[in-house]
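Below is entry_37.pdb, which holds PDB, C-alpha atoms.
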```
ATOM      1  CA  MET A 694     141.710 118.960-247.679
ATOM      2  CA  ALA A 695     139.228 119.075-244.828
ATOM      3  CA  VAL A 696     136.627 120.549-247.170
ATOM      4  CA  CYS A 697     137.104 117.712-249.642
ATOM      5  CA  ALA A 698     136.781 115.158-246.856
ATOM      6  CA  ALA A 699     133.612 116.864-245.633
ATOM      7  CA  MET A 700     131.884 116.476-248.987
ATOM      8  CA  ALA A 701     129.435 113.647-249.411
ATOM      9  CA  TRP A 702     131.389 110.730-250.832
ATOM     10  CA  ILE A 703     128.451 108.326-251.163
ATOM     11  CA  VAL A 704     126.629 109.634-254.222
ATOM     12  CA  VAL A 705     122.982 108.613-254.404
ATOM     13  CA  SER A 706     120.949 109.684-257.386
ATOM     14  CA  GLY A 707     117.559 109.046-258.928
ATOM     15  CA  GLY A 708     115.221 106.591-257.244
ATOM     16  CA  TRP A 709     118.088 104.672-255.673
ATOM     17  CA  HIS A 710     117.965 106.728-252.509
ATOM     18  CA  THR A 711     114.824 104.831-251.469
ATOM     19  CA  LEU A 712     116.989 101.701-251.183
ATOM     20  CA  LEU A 713     118.819 103.406-248.324
ATOM     21  CA  LEU A 714     115.803 102.440-246.235
ATOM     22  CA  LEU A 715     117.218  98.899-246.066
ATOM     23  CA  PRO A 716     120.439  99.609-244.094
ATOM     24  CA  LEU A 717     118.627 102.156-241.920
ATOM     25  CA  ALA A 718     115.920  99.616-241.050
ATOM     26  CA  LEU A 719     118.662  97.074-240.336
ATOM     27  CA  SER A 720     120.369  99.492-237.979
ATOM     28  CA  VAL A 721     117.126 100.197-236.129
ATOM     29  CA  ALA A 722     116.397  96.463-235.886
ATOM     30  CA  VAL A 723     119.879  95.602-234.575
ATOM     31  CA  VAL A 724     119.873  98.316-231.910
ATOM     32  CA  TYR A 725     116.313  97.606-230.789
ATOM     33  CA  LYS A 726     116.770  93.859-230.554
ATOM     34  CA  THR A 727     120.162  94.205-228.849
ATOM     35  CA  THR A 728     118.510  96.218-226.107
ATOM     36  CA  ARG A 729     115.439  93.962-225.835
ATOM     37  CA  CYS A 730     116.839  90.420-226.044
ATOM     38  CA  ASP A 731     118.095  89.005-222.742
ATOM     39  CA  ASN A 732     120.214  86.421-224.524
ATOM     40  CA  LEU A 733     122.544  87.739-227.213
ATOM     41  CA  ARG A 734     122.254  84.498-229.158
ATOM     42  CA  ASP A 735     118.648  85.427-229.981
ATOM     43  CA  VAL A 736     119.619  88.798-231.459
ATOM     44  CA  PRO A 737     120.457  87.748-235.083
ATOM     45  CA  THR A 738     117.193  85.874-235.643
ATOM     46  CA  ALA A 739     115.074  88.512-233.958
ATOM     47  CA  THR A 740     116.874  91.242-235.916
ATOM     48  CA  VAL A 741     116.210  89.610-239.274
ATOM     49  CA  ALA A 742     112.539  89.121-238.370
ATOM     50  CA  LEU A 743     112.145  92.743-237.260
ATOM     51  CA  TRP A 744     114.043  94.037-240.303
ATOM     52  CA  ALA A 745     111.768  92.079-242.655
ATOM     53  CA  THR A 746     108.719  93.368-240.787
ATOM     54  CA  ILE A 747     109.861  96.990-241.029
ATOM     55  CA  VAL A 748     110.691  96.739-244.726
ATOM     56  CA  ALA A 749     107.441  94.940-245.543
ATOM     57  CA  GLY A 750     105.476  97.455-243.469
ATOM     58  CA  MET A 751     107.104 100.439-245.165
ATOM     59  CA  PHE A 752     106.496  98.825-248.562
ATOM     60  CA  ALA A 753     102.814  98.316-247.678
ATOM     61  CA  VAL A 754     102.507 101.915-246.458
ATOM     62  CA  GLY A 755     104.135 103.107-249.684
ATOM     63  CA  ILE A 756     101.712 101.131-251.831
ATOM     64  CA  ALA A 757      98.723 102.346-249.792
ATOM     65  CA  LEU A 758      99.803 105.982-250.128
ATOM     66  CA  TRP A 759     100.423 105.521-253.844
ATOM     67  CA  LEU A 760      96.908 104.075-254.260
ATOM     68  CA  VAL A 761      95.357 106.953-252.304
ATOM     69  CA  PHE A 762      97.322 109.416-254.410
ATOM     70  CA  SER A 763      96.236 107.709-257.644
ATOM     71  CA  VAL A 764      92.585 107.716-256.587
ATOM     72  CA  CYS A 765      92.788 111.394-255.661
ATOM     73  CA  VAL A 766      94.348 112.215-259.025
ATOM     74  CA  VAL A 767      91.583 110.319-260.878
ATOM     75  CA  TRP A 768      88.827 112.034-258.857
ATOM     76  CA  THR A 769      90.196 115.498-259.317
ATOM     77  CA  GLY A 770      90.644 114.858-263.026
TER
ATOM     78  CA  MET B 993     122.673  85.627-199.989
ATOM     79  CA  THR B 994     123.534  88.856-201.661
ATOM     80  CA  SER B 995     124.513  92.113-200.052
ATOM     81  CA  SER B 996     122.236  95.162-200.054
ATOM     82  CA  ARG B 997     124.746  96.949-202.260
ATOM     83  CA  SER B 998     124.193  94.540-205.139
ATOM     84  CA  ASP B 999     120.408  94.462-204.605
ATOM     85  CA  SER B1000     119.800  98.161-205.181
ATOM     86  CA  PRO B1001     121.471  99.941-208.076
ATOM     87  CA  SER B1002     123.988 102.500-206.978
ATOM     88  CA  LEU B1003     122.973 105.993-208.071
ATOM     89  CA  ALA B1004     126.539 106.763-209.112
ATOM     90  CA  ARG B1005     126.665 103.593-211.218
ATOM     91  CA  VAL B1006     123.379 104.446-212.925
ATOM     92  CA  CYS B1007     124.466 108.047-213.601
ATOM     93  CA  LEU B1008     127.837 106.869-214.900
ATOM     94  CA  ALA B1009     126.187 104.362-217.235
ATOM     95  CA  GLY B1010     123.841 107.023-218.622
ATOM     96  CA  LEU B1011     126.517 109.672-219.005
ATOM     97  CA  VAL B1012     129.141 107.536-220.719
ATOM     98  CA  SER B1013     126.417 106.024-222.873
ATOM     99  CA  TRP B1014     125.599 109.507-224.122
ATOM    100  CA  LEU B1015     129.277 110.363-224.610
ATOM    101  CA  LEU B1016     129.918 107.264-226.709
ATOM    102  CA  PRO B1017     127.020 104.990-227.701
ATOM    103  CA  GLY B1018     127.371 101.565-226.089
ATOM    104  CA  LEU B1019     130.090 102.627-223.666
ATOM    105  CA  GLY B1020     127.614 102.548-220.771
ATOM    106  CA  HIS B1021     127.029  98.852-221.428
ATOM    107  CA  ILE B1022     130.755  98.185-221.713
ATOM    108  CA  VAL B1023     131.511  99.994-218.442
ATOM    109  CA  THR B1024     128.820  98.065-216.573
ATOM    110  CA  GLY B1025     130.110  94.730-217.867
ATOM    111  CA  HIS B1026     127.806  94.087-220.846
ATOM    112  CA  ARG B1027     130.677  94.225-223.288
ATOM    113  CA  ALA B1028     129.351  92.270-226.270
ATOM    114  CA  ARG B1029     126.075  94.167-226.177
ATOM    115  CA  GLY B1030     127.927  97.483-225.886
ATOM    116  CA  LEU B1031     130.210  96.690-228.800
ATOM    117  CA  ILE B1032     127.265  95.823-231.056
ATOM    118  CA  LEU B1033     125.512  99.083-230.127
ATOM    119  CA  LEU B1034     128.694 101.134-230.525
ATOM    120  CA  ILE B1035     129.418  99.792-234.001
ATOM    121  CA  CYS B1036     125.815 100.033-235.166
ATOM    122  CA  ILE B1037     125.171 103.624-234.072
ATOM    123  CA  THR B1038     128.602 104.825-235.197
ATOM    124  CA  VAL B1039     128.153 103.336-238.664
ATOM    125  CA  THR B1040     124.645 104.776-238.967
ATOM    126  CA  PHE B1041     125.719 108.280-237.932
ATOM    127  CA  TRP B1042     128.871 108.536-240.039
ATOM    128  CA  GLY B1043     127.152 106.744-242.918
ATOM    129  CA  GLY B1044     124.640 109.592-242.913
ATOM    130  CA  ILE B1045     127.445 112.134-242.894
ATOM    131  CA  ALA B1046     129.045 110.308-245.839
ATOM    132  CA  ILE B1047     125.785 110.523-247.789
ATOM    133  CA  GLY B1048     125.019 114.196-247.198
ATOM    134  CA  GLY B1049     128.330 115.798-246.238
ATOM    135  CA  VAL B1050     128.916 117.181-242.765
ATOM    136  CA  GLN B1051     128.242 120.812-243.657
ATOM    137  CA  ASP B1052     124.700 120.238-244.946
ATOM    138  CA  THR B1053     123.729 117.415-242.626
ATOM    139  CA  VAL B1054     124.572 118.985-239.261
ATOM    140  CA  ASP B1055     123.045 122.453-239.431
ATOM    141  CA  PRO B1056     121.245 123.818-236.336
ATOM    142  CA  GLN B1057     120.224 126.995-238.192
ATOM    143  CA  LYS B1058     118.186 125.145-240.813
ATOM    144  CA  ARG B1059     117.139 121.966-238.981
ATOM    145  CA  PHE B1060     117.153 122.551-235.254
ATOM    146  CA  PRO B1061     114.921 119.589-234.192
ATOM    147  CA  TRP B1062     117.056 117.202-236.225
ATOM    148  CA  PHE B1063     120.170 118.780-234.757
ATOM    149  CA  MET B1064     118.875 118.025-231.257
ATOM    150  CA  ALA B1065     118.449 114.393-232.283
ATOM    151  CA  GLN B1066     121.970 114.355-233.765
ATOM    152  CA  VAL B1067     123.447 115.717-230.527
ATOM    153  CA  CYS B1068     121.998 112.680-228.727
ATOM    154  CA  THR B1069     124.856 110.680-230.257
ATOM    155  CA  GLY B1070     127.190 112.563-227.915
ATOM    156  CA  THR B1071     130.764 112.744-229.137
ATOM    157  CA  HIS B1072     129.800 111.896-232.705
ATOM    158  CA  GLY B1073     127.306 114.751-232.903
ATOM    159  CA  MET B1074     129.661 117.218-231.238
ATOM    160  CA  VAL B1075     132.582 116.332-233.502
ATOM    161  CA  ALA B1076     130.375 116.617-236.589
ATOM    162  CA  TYR B1077     128.962 119.948-235.389
ATOM    163  CA  SER B1078     132.368 121.500-234.688
ATOM    164  CA  TRP B1079     133.641 120.199-238.027
ATOM    165  CA  ALA B1080     130.633 121.686-239.853
ATOM    166  CA  GLU B1081     131.013 125.035-238.056
ATOM    167  CA  ARG B1082     134.689 125.231-238.987
ATOM    168  CA  LEU B1083     133.786 124.577-242.616
ATOM    169  CA  ARG B1084     131.004 127.185-242.571
ATOM    170  CA  ALA B1085     133.471 129.761-241.283
ATOM    171  CA  ARG B1086     135.588 129.390-244.409
ATOM    172  CA  PRO B1087     135.051 132.008-247.134
ATOM    173  CA  ASP B1088     134.621 129.353-249.861
ATOM    174  CA  HIS B1089     132.150 127.180-247.927
ATOM    175  CA  ALA B1090     129.283 127.752-250.395
ATOM    176  CA  GLU B1091     131.218 126.025-253.172
ATOM    177  CA  HIS B1092     131.395 122.815-251.177
ATOM    178  CA  THR B1093     127.749 122.318-250.258
ATOM    179  CA  ASN B1094     125.840 119.278-251.422
ATOM    180  CA  PRO B1095     123.490 120.182-254.300
ATOM    181  CA  SER B1096     121.340 117.055-253.934
ATOM    182  CA  PHE B1097     118.267 117.730-251.824
ATOM    183  CA  GLU B1098     117.400 114.005-251.577
ATOM    184  CA  SER B1099     120.871 113.098-250.325
ATOM    185  CA  ILE B1100     120.710 115.734-247.610
ATOM    186  CA  ASN B1101     117.280 114.522-246.511
ATOM    187  CA  VAL B1102     118.460 110.919-246.301
ATOM    188  CA  ALA B1103     121.610 111.979-244.447
ATOM    189  CA  VAL B1104     119.665 114.026-241.898
ATOM    190  CA  VAL B1105     117.326 111.093-241.263
ATOM    191  CA  TYR B1106     120.267 108.683-240.823
ATOM    192  CA  THR B1107     122.082 110.911-238.336
ATOM    193  CA  GLY B1108     118.901 111.889-236.497
ATOM    194  CA  ILE B1109     117.775 108.298-236.114
ATOM    195  CA  ALA B1110     121.257 107.364-234.876
ATOM    196  CA  GLY B1111     120.769 109.939-232.113
ATOM    197  CA  LEU B1112     117.286 108.720-231.256
ATOM    198  CA  LEU B1113     118.556 105.146-231.147
ATOM    199  CA  ASN B1114     121.208 106.292-228.701
ATOM    200  CA  LEU B1115     118.445 107.595-226.423
ATOM    201  CA  LEU B1116     117.128 104.031-226.347
ATOM    202  CA  VAL B1117     120.651 102.774-225.643
ATOM    203  CA  ILE B1118     121.093 105.282-222.785
ATOM    204  CA  LEU B1119     117.846 104.115-221.151
ATOM    205  CA  ASP B1120     118.861 100.479-221.597
ATOM    206  CA  ALA B1121     122.306 101.150-220.094
ATOM    207  CA  ILE B1122     120.646 102.769-217.068
ATOM    208  CA  GLY B1123     118.300  99.803-216.744
ATOM    209  CA  ARG B1124     121.135  97.279-216.945
ATOM    210  CA  ALA B1125     123.478  99.138-214.595
ATOM    211  CA  ASP B1126     122.467  96.977-211.627
ATOM    212  CA  ARG B1127     122.475  93.661-213.482
ATOM    213  CA  PRO B1128     125.426  91.282-213.224
ATOM    214  CA  PRO B1129     128.012  91.578-216.010
ATOM    215  CA  GLU B1130     127.633  89.398-219.087
ATOM    216  CA  PRO B1131     130.553  87.380-220.395
ATOM    217  CA  LEU B1132     132.014  88.560-223.688
ATOM    218  CA  GLY B1133     130.919  86.484-226.654
ATOM    219  CA  LEU B1134     127.713  84.826-227.743
ATOM    220  CA  ARG B1135     128.686  81.283-226.813
ATOM    221  CA  ALA B1136     129.716  82.218-223.309
ATOM    222  CA  ASN B1137     126.170  83.292-222.458
ATOM    223  CA  ALA B1138     124.859  79.737-222.455
ATOM    224  CA  THR B1139     127.561  78.528-220.093
ATOM    225  CA  ALA B1140     127.094  81.496-217.788
ATOM    226  CA  ALA B1141     123.440  80.650-217.225
ATOM    227  CA  ALA B1142     124.259  77.325-215.543
ATOM    228  CA  PRO B1143     126.185  78.629-212.484
ATOM    229  CA  ALA B1144     123.550  81.319-211.956
ATOM    230  CA  THR B1145     120.796  78.697-211.795
ATOM    231  CA  LYS B1146     122.881  76.537-209.506
ATOM    232  CA  GLN B1147     123.525  79.487-207.214
ATOM    233  CA  GLY B1148     119.812  80.257-207.077
ATOM    234  CA  MET B1149     119.011  76.689-205.968
ATOM    235  CA  THR B1150     121.330  76.700-202.967
TER
END
```
Structure encoded using structure tokens:
Amino acid sequence: MAVCAAMAWIVVSGGWHTLLLLPLALSVAVVYKTTRCDNLRDVPTATVALWATIVAGMFAVGIALWLVFSVCVVWTG
Amino acid sequence: MTSSRSDSPSLARVCLAGLVSWLLPGLGHIVTGHRARGLILLICITVTFWGGIAIGGVQDTVDPQKRFPWFMAQVCTGTHGMVAYSWAERLRARPDHAEHTNPSFESINVAVVYTGIAGLLNLLVILDAIGRADRPPEPLGLRANATAAAPATKQGMT
């Protein structure tokens, strides 16, 4: 029973595991802004802004790395 | 006029905030009177850590033999990391443990990152709890914060 419970019960396959960046970025944004904001009423807005920044930044980094990779593949034939 | 005791943070209070914050994420804030903040941190880090375990399985995610640096980060979650580690060790001691490992390499990677980042976030929470240990307690609830600011300003004027 304990072994069955210890198995992974959220099955992520294919390219879908990259979408798990979204909740992780949200978690980082919530914790960071909860520690930084003096007024808790500012936390939701600041969290959404930081979450969007992280996701957009990671997306931009991903595209940049993909472009570098593509260029390297073309150059090396 | 405030007393010297409230001006300088008590060493015991700071140590207590840091220690309980390590034991259970957010508990340092709750103990020092920042309850709403502590509850948010507690829920967020707990969900992140056990969400990672749910993705990768406890046996493959918490493994100091294979991923020691990540294990150190996982232990930063305190009770969560310790419970997961003892659970994983008990499973590894079973003769049929190999049949129950997670075959997906991507899932394990994602799970390790989730649990490790939960631990690193708790380091931030521990430092914040230590920093807030000497601050006056916050009222519970978001709306109460606005009303609490008024008496503080009034007190400062007199």
(message) With distances taken over only C-alpha atoms, which residue among A:Arg734, A:Arg729, A:Leu717, A:Val764 lies nearest Arg1124 of chain B?
(response)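 So, comparing all the options, the nearest one is A:Arg729.
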(request) Tell me, as a list of chain:residue names, which residues lie within 12 Å of Val704 of chain A, counting all atoms listed in the file; anything in the same chain fewer than 3 positions away does not count. (result)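 So the residues in contact are A:Met700, A:Ala701, A:Gly707, A:Trp709, A:His710, A:Leu713, B:Gly1043, B:Gly1044, B:Ile1045, B:Ala1046, B:Ile1047, B:Gly1048, B:Gly1049, B:Asn1094, B:Pro1095, B:Ser1096, B:Phe1097, B:Glu1098, B:Ser1099, B:Ile1100, B:Val1102, B:Ala1103.
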(message) Could you list, as JSON, numbers by chain, every residue within 8 Å of segment 1012-1017 of chain B, counting all atoms listed in the file and ignoring same-chain residues fewer than 5 positions away?
(response) {"B": [1030, 1033, 1034, 1037, 1038, 1068, 1069, 1070, 1071, 1072, 1114, 1115, 1117, 1118, 1121]}
(message) the PyMOL selection byres ((chain A) within 12 of (chain B)) - which residues does that actually catch in the file I just gave you? List them as a ChimeraX atom specification.
(response) /A:694-737
(message) Using Å and a single decimal, report how far atom CA of Tyr1077 of chain B sits from atom CA of Trp1042 of chain B.
(response) 12.3 Å
(request) Between atom CA of Gly1010 of chain B and atom CA of Met1064 of chain B, measure the distance and give it in Å to one decimal. (result)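 Straight-line distance from atom CA of Gly1010 of chain B to atom CA of Met1064 of chain B works out to 17.5 Å.
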(request) Up to 9 Å from (124.7, 92.6, -218.2) in the file's coordinates: name the residues, counting only C-alpha atoms, as a PyMOL selection string. (result) (chain A and resi 731) or (chain B and resi 1021-1022+1024-1027+1029+1124-1131)
Enclose the full set of atoms of segment 746-752 of chain A listed in the file within a box whose edges lie along x, y and z, apply 5 Å of padding to each of the six sides, and report centre and edge lengths in Å to one decimal as JSON.
```
{"center_x": 108.1, "center_y": 96.9, "center_z": -244.7, "size_x": 15.2, "size_y": 17.1, "size_z": 17.8}
```
(message) Report, in Å to a single decimal, how far apart atom CA of Gly1108 of chain B and atom CA of Met1074 of chain B are.
(response)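 Interatomic distance here is 13.1 Å.
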(request) Name the residues that the PyMOL selection byres ((chain B and resi 1006) around 8) pulls out of this structure, and write them as a count of residues only. (result) 14
